[in-house]
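Participant: First, the structure itself, so that you have it in front of you.
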Amino acid sequence: MCTLRIDAGVSFRSKWADPQNAVYLVGTLCFGLGVVHLLTEGEGLGTVLEAGIICSISGVVLVTGYQLPHRRISTVGQWRTVWLGVGVMVSFAMLALSIWMIWRLEDRANELFFLVAFAATLGAAVGTRSGMYSIESEERLNEAEDLTKLLTINQRVLRHNLRNELAVSFGFLNKIETAGADEDVTADVQIIKKHLRKLLRTSDRTREIVSIRENDNEKRFDLSTVVEEQVARIREQHPQAAITTRFDDDCTVSAHAAFPKAIREALTNAVEHNAADIEITVSVQENQQGAAVVEIVDTGEGIPKFDIEAIEGPQETQLKHTQGLGLWIIYWTVKMSDGTLELSESTPNGTVVRITLPQTR
């Protein structure tokens, strides 16, 4: 069984629950610890200085929250930064509590609150600050790997697909030069046109893949509407296609602007690369985690193994036909939408294309 799962990280999106506000909340909590310490732990200069230390360090957390949306980090990466900061904060607080317990055994247990508050605030500052930079570096590395894949696609297409199509075209052009009958010339010209059209389509799809990767514009989509529109277009182009739709839930998502194109590519692949009697079912539903799911199931021959292998890694594998390029369009669109793409075999035969996206509340 050829199965591929591409998980770009499904994230929860809402007006209030976003990574920046979460960091602000942590910073405000730390600042509050400093204020509480000032108000409850005495009136001496030492207490004021201790509270000033806590509040100053909490300012680092608040500054990190301000900078977070402006860094080159995805929404999923920003949430990872938040949880890393909280984790380090709790770890430092537990460390401080352990030190206080040792002090208590030695009759020096009068500085518990300051110790815990200082350690927690320092942990939040260290965690969020270092987390932001480490996650950003990690995602830049992933981006570099993605760009390597993208360059490999273009190199592979230019070297293999375009070269082969041009070789066929030039071969028939040579026959035209030596042809002795008009009928033969006409037939050869038609063949040349066919291959040149394939060449143009390959070039256009390659350009689409690059544009999807370079542009991260998002739009709000009603999934039922998108599916209905794309199914209607496929039916116009392929009247013989048997396509059934099922909308179990109303789902709205914020996805890459090319999302309708990705749905059309999945439908086009199912229709054009299978027998005429293929049956296609497109469904929209909400899963148990509250995410939106678009599932395209066909009764065809399945996605060739070499097309899936081309997406699984940047290793050198030839693209046998334009279905491989269509899969790349789907891949990049889902990845740029913080979604999950699954390609698997259907029972008893056929292909399941499952796209999962976070809903917009």
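Identifiers in the structure tokens: chain A, B, ... in order shown; residue index from 1 per chain; ligand index from 1 in order shown.
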Do a neighbour search on A:Ile135 at 9 Å with only C-alpha atoms, toss out local chain neighbours closer than 3 positions, and write the hits as a PDB file with C-alpha atoms, in the first residue's frame.

Facilitator:
ATOM      1  CA  ILE A  73       8.018  31.671  12.499  1.00  0.00           C
ATOM      2  CA  GLY A  77       6.138  27.388  15.689  1.00  0.00           C
ATOM      3  CA  GLN A  78       4.926  30.385  17.693  1.00  0.00           C
ATOM      4  CA  ARG A  80       5.792  25.847  20.354  1.00  0.00           C
ATOM      5  CA  THR A  81       7.689  28.926  21.562  1.00  0.00           C
ATOM      6  CA  SER A 130      15.611  31.244  23.543  1.00  0.00           C
ATOM      7  CA  GLY A 131      12.562  29.386  22.231  1.00  0.00           C
ATOM      8  CA  MET A 132      11.780  32.113  19.729  1.00  0.00           C
ATOM      9  CA  GLU A 138      14.670  25.266  13.060  1.00  0.00           C
ATOM     10  CA  GLU A 139      11.947  26.528  10.728  1.00  0.00           C
ATOM     11  CA  ARG A 140      14.470  28.311   8.535  1.00  0.00           C
TER      12      ARG A 140
END

Participant: Which polymer residues have any atom within 7 Å of an atom of A:Ala291, counting only C-alpha atoms, with same-chain residues fewer than 5 positions away left out, as a PyMOL selection string?

Facilitator: chain A and resi 286+356-359

Participant: Which residue, A:Ile212, A:Ala292, A:Ala241, A:Leu84, has the smallest gap to A:Ala262 when you use only C-alpha atoms?

Facilitator: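 Using only C-alpha atoms, A:Ala262 sits closest to A:Ile212.
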
Participant: Please identify all polymer residues within 9 Å of A:Val284, counting only C-alpha atoms, omitting same-chain residues fewer than 2 positions from it, and present them as a list of chain:residue names.

Facilitator: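 Answer for this query is A:Leu223, A:Ser224, A:Val227, A:Thr245, A:Arg246, A:Phe247, A:Asp248, A:Asp249, A:Asp250, A:Cys251, A:Val282, A:Glu286, A:Ala292, A:Val293, A:Val294, A:Glu295.
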
Participant: With a distance cut-off of 12 Å and only C-alpha atoms, select the neighbouring residues of A:Thr244, excluding the residue or stretch itself and same-chain residues fewer than 6 positions from it, and output the selection as a compact mmCIF listing (two decimals) with C-alpha atoms, in the first residue's frame.

Facilitator:
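Written out: result.txt:
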# COMPACT_ATOMS: atom_id res chain seq x y z
CA VAL A 227 -16.13 21.92 -3.53
CA GLU A 228 -19.37 22.67 -5.41
CA VAL A 231 -16.95 19.91 -9.10
CA ALA A 232 -19.05 22.03 -11.48
CA ARG A 235 -18.23 18.32 -14.91
CA LEU A 267 -10.45 15.98 -8.96
CA ILE A 278 -14.53 5.85 -12.43
CA GLU A 279 -16.72 7.00 -9.55
CA ILE A 280 -15.65 9.91 -7.35
CA THR A 281 -17.07 10.92 -3.97
CA VAL A 282 -16.23 14.28 -2.38
CA SER A 283 -17.21 14.88 1.24
CA VAL A 284 -16.83 17.74 3.73
CA GLU A 295 -12.06 13.80 1.45
CA ILE A 296 -11.89 12.81 -2.22
CA VAL A 297 -12.35 9.08 -2.83
CA ASP A 298 -12.22 7.44 -6.26
